[in-house]
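The next block is my_file_5.pdb, given as PDB, C-alpha atoms.
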```pdb
ATOM      1  CA  MET A  13     -35.176  85.074  -3.554  1.00  0.00           C
ATOM      2  CA  LYS A  14     -34.500  82.451  -0.954  1.00  0.00           C
ATOM      3  CA  GLY A  15     -36.715  82.003   2.083  1.00  0.00           C
ATOM      4  CA  ASN A  16     -40.347  80.987   1.987  1.00  0.00           C
ATOM      5  CA  MET A  17     -40.595  78.115  -0.507  1.00  0.00           C
ATOM      6  CA  GLU A  18     -44.327  78.512  -1.135  1.00  0.00           C
ATOM      7  CA  GLU A  19     -43.975  82.202  -1.914  1.00  0.00           C
ATOM      8  CA  ARG A  20     -40.968  81.532  -4.150  1.00  0.00           C
ATOM      9  CA  ALA A  21     -42.863  78.815  -6.033  1.00  0.00           C
ATOM     10  CA  CYS A  22     -45.765  81.194  -6.688  1.00  0.00           C
ATOM     11  CA  HIS A  23     -43.430  83.960  -7.881  1.00  0.00           C
ATOM     12  CA  LEU A  24     -41.595  81.534 -10.167  1.00  0.00           C
ATOM     13  CA  ALA A  25     -44.848  80.249 -11.626  1.00  0.00           C
ATOM     14  CA  LEU A  26     -46.202  83.747 -12.245  1.00  0.00           C
ATOM     15  CA  TYR A  27     -42.934  84.816 -13.871  1.00  0.00           C
ATOM     16  CA  ILE A  28     -42.976  81.827 -16.225  1.00  0.00           C
ATOM     17  CA  ILE A  29     -46.635  82.359 -17.096  1.00  0.00           C
ATOM     18  CA  GLU A  30     -46.320  86.111 -17.718  1.00  0.00           C
ATOM     19  CA  ASN A  31     -43.106  85.902 -19.751  1.00  0.00           C
ATOM     20  CA  LYS A  32     -43.470  82.439 -21.319  1.00  0.00           C
ATOM     21  CA  ALA A  33     -40.015  81.909 -19.831  1.00  0.00           C
ATOM     22  CA  THR A  34     -37.982  78.734 -19.675  1.00  0.00           C
ATOM     23  CA  VAL A  35     -36.898  77.099 -16.439  1.00  0.00           C
ATOM     24  CA  ARG A  36     -33.348  78.248 -17.134  1.00  0.00           C
ATOM     25  CA  ALA A  37     -34.454  81.874 -17.588  1.00  0.00           C
ATOM     26  CA  ALA A  38     -36.549  81.788 -14.407  1.00  0.00           C
ATOM     27  CA  ALA A  39     -33.665  80.288 -12.443  1.00  0.00           C
ATOM     28  CA  LYS A  40     -31.311  83.005 -13.640  1.00  0.00           C
ATOM     29  CA  ARG A  41     -33.844  85.766 -12.902  1.00  0.00           C
ATOM     30  CA  PHE A  42     -34.491  84.582  -9.320  1.00  0.00           C
ATOM     31  CA  GLY A  43     -30.920  83.528  -8.533  1.00  0.00           C
ATOM     32  CA  VAL A  44     -31.674  79.871  -7.858  1.00  0.00           C
ATOM     33  CA  SER A  45     -30.722  76.651  -9.624  1.00  0.00           C
ATOM     34  CA  LYS A  46     -32.753  74.930 -12.317  1.00  0.00           C
ATOM     35  CA  SER A  47     -33.217  72.037  -9.902  1.00  0.00           C
ATOM     36  CA  THR A  48     -34.796  74.388  -7.370  1.00  0.00           C
ATOM     37  CA  VAL A  49     -37.193  75.753  -9.984  1.00  0.00           C
ATOM     38  CA  HIS A  50     -38.211  72.222 -10.983  1.00  0.00           C
ATOM     39  CA  LYS A  51     -38.624  71.151  -7.360  1.00  0.00           C
ATOM     40  CA  ASP A  52     -40.730  74.210  -6.548  1.00  0.00           C
ATOM     41  CA  LEU A  53     -42.958  73.918  -9.605  1.00  0.00           C
ATOM     42  CA  GLN A  54     -43.343  70.154  -9.862  1.00  0.00           C
ATOM     43  CA  ASP A  55     -43.425  69.068  -6.217  1.00  0.00           C
ATOM     44  CA  ARG A  56     -44.309  72.010  -3.985  1.00  0.00           C
ATOM     45  CA  LEU A  57     -46.699  74.129  -6.057  1.00  0.00           C
ATOM     46  CA  PRO A  58     -49.356  71.424  -6.668  1.00  0.00           C
ATOM     47  CA  THR A  59     -49.769  70.852  -2.930  1.00  0.00           C
ATOM     48  CA  PHE A  60     -50.902  74.386  -2.125  1.00  0.00           C
ATOM     49  CA  ASN A  61     -51.950  76.069  -5.404  1.00  0.00           C
ATOM     50  CA  ARG A  62     -53.282  73.518  -7.883  1.00  0.00           C
ATOM     51  CA  PRO A  63     -54.833  76.025 -10.375  1.00  0.00           C
ATOM     52  CA  LEU A  64     -51.558  77.937 -10.708  1.00  0.00           C
ATOM     53  CA  TYR A  65     -49.678  74.655 -11.124  1.00  0.00           C
ATOM     54  CA  LEU A  66     -51.971  73.610 -13.977  1.00  0.00           C
ATOM     55  CA  ARG A  67     -51.386  76.922 -15.774  1.00  0.00           C
ATOM     56  CA  VAL A  68     -47.599  76.776 -15.456  1.00  0.00           C
ATOM     57  CA  LYS A  69     -47.555  73.091 -16.397  1.00  0.00           C
ATOM     58  CA  GLU A  70     -48.965  73.954 -19.834  1.00  0.00           C
ATOM     59  CA  ILE A  71     -46.092  76.344 -20.499  1.00  0.00           C
ATOM     60  CA  LEU A  72     -43.504  73.874 -19.211  1.00  0.00           C
ATOM     61  CA  GLU A  73     -44.894  71.181 -21.518  1.00  0.00           C
ATOM     62  CA  GLU A  74     -44.799  73.613 -24.447  1.00  0.00           C
ATOM     63  CA  ASN A  75     -41.171  74.491 -23.655  1.00  0.00           C
ATOM     64  CA  LYS A  76     -40.293  70.815 -23.423  1.00  0.00           C
ATOM     65  CA  ALA A  77     -41.831  70.145 -26.829  1.00  0.00           C
ATOM     66  CA  GLU A  78     -39.892  73.024 -28.400  1.00  0.00           C
ATOM     67  CA  ARG A  79     -36.508  72.569 -26.749  1.00  0.00           C
ATOM     68  CA  HIS A  80     -35.013  70.519 -29.575  1.00  0.00           C
ATOM     69  CA  ILE A  81     -35.770  73.394 -31.942  1.00  0.00           C
ATOM     70  CA  ARG A  82     -34.162  75.975 -29.646  1.00  0.00           C
ATOM     71  CA  GLY A  83     -31.107  73.731 -29.277  1.00  0.00           C
ATOM     72  CA  GLY A  84     -30.775  73.396 -33.033  1.00  0.00           C
ATOM     73  CA  MET A  85     -31.032  77.146 -33.499  1.00  0.00           C
ATOM     74  CA  ALA A  86     -28.385  77.738 -30.827  1.00  0.00           C
ATOM     75  CA  THR A  87     -26.012  75.306 -32.539  1.00  0.00           C
ATOM     76  CA  ARG A  88     -26.679  76.915 -35.909  1.00  0.00           C
ATOM     77  CA  ASN A  89     -25.966  80.379 -34.533  1.00  0.00           C
ATOM     78  CA  LYS A  90     -22.822  79.132 -32.811  1.00  0.00           C
ATOM     79  CA  TYR A  91     -21.321  77.852 -36.052  1.00  0.00           C
ATOM     80  CA  LYS A  92     -22.477  80.850 -38.055  1.00  0.00           C
ATOM     81  CA  GLY A  93     -20.573  83.058 -35.641  1.00  0.00           C
ATOM     82  CA  LEU A  94     -23.560  84.962 -34.273  1.00  0.00           C
TER      83      LEU A  94
END
```

The structure in this file should be written as structure tokens.
Amino acid sequence: MKGNMEERACHLALYIIENKATVRAAAKRFGVSKSTVHKDLQDRLPTFNRPLYLRVKEILEENKAERHIRGGMATRNKYKGL
């Protein structure tokens, strides 16, 4: 989903909101890099769709607060052989 950056930013934000997805999952789903997702959501989206930005920001903050837990679980599963 390359092309129009504003449209891509809106689609990324809606995907993250609807699925409570991480930046990594959204990047994989849309075929772009994590840096592109961050750039679209943090820099571009607030300039043209502030309400959508505020909604997606809540989920991004929640993901950021939980990432150490997900990392610990991934390490645990790795060494358990799952």

Which residues, named as in the file, does the PyMOL selection byres ((chain A and resi 47-56) around 12) pick out? Answer as number ranges by chain. A: 13-14, 16-29, 33-46, 57-62, 64-73

Report, in Å to a single decimal, how far apart atom CA of A:Ala77 and atom CA of A:Pro63 are. 21.8 Å

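For the pair atom CA of A:Glu74 and atom CA of A:Asn31, the separation is 13.3 Å.
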
Between atom CA of A:Lys76 and atom CA of A:Gly93, what distance in Å does the model show, to one decimal?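 Answer for the atom CA of A:Lys76 to atom CA of A:Gly93 separation: 26.2 Å.
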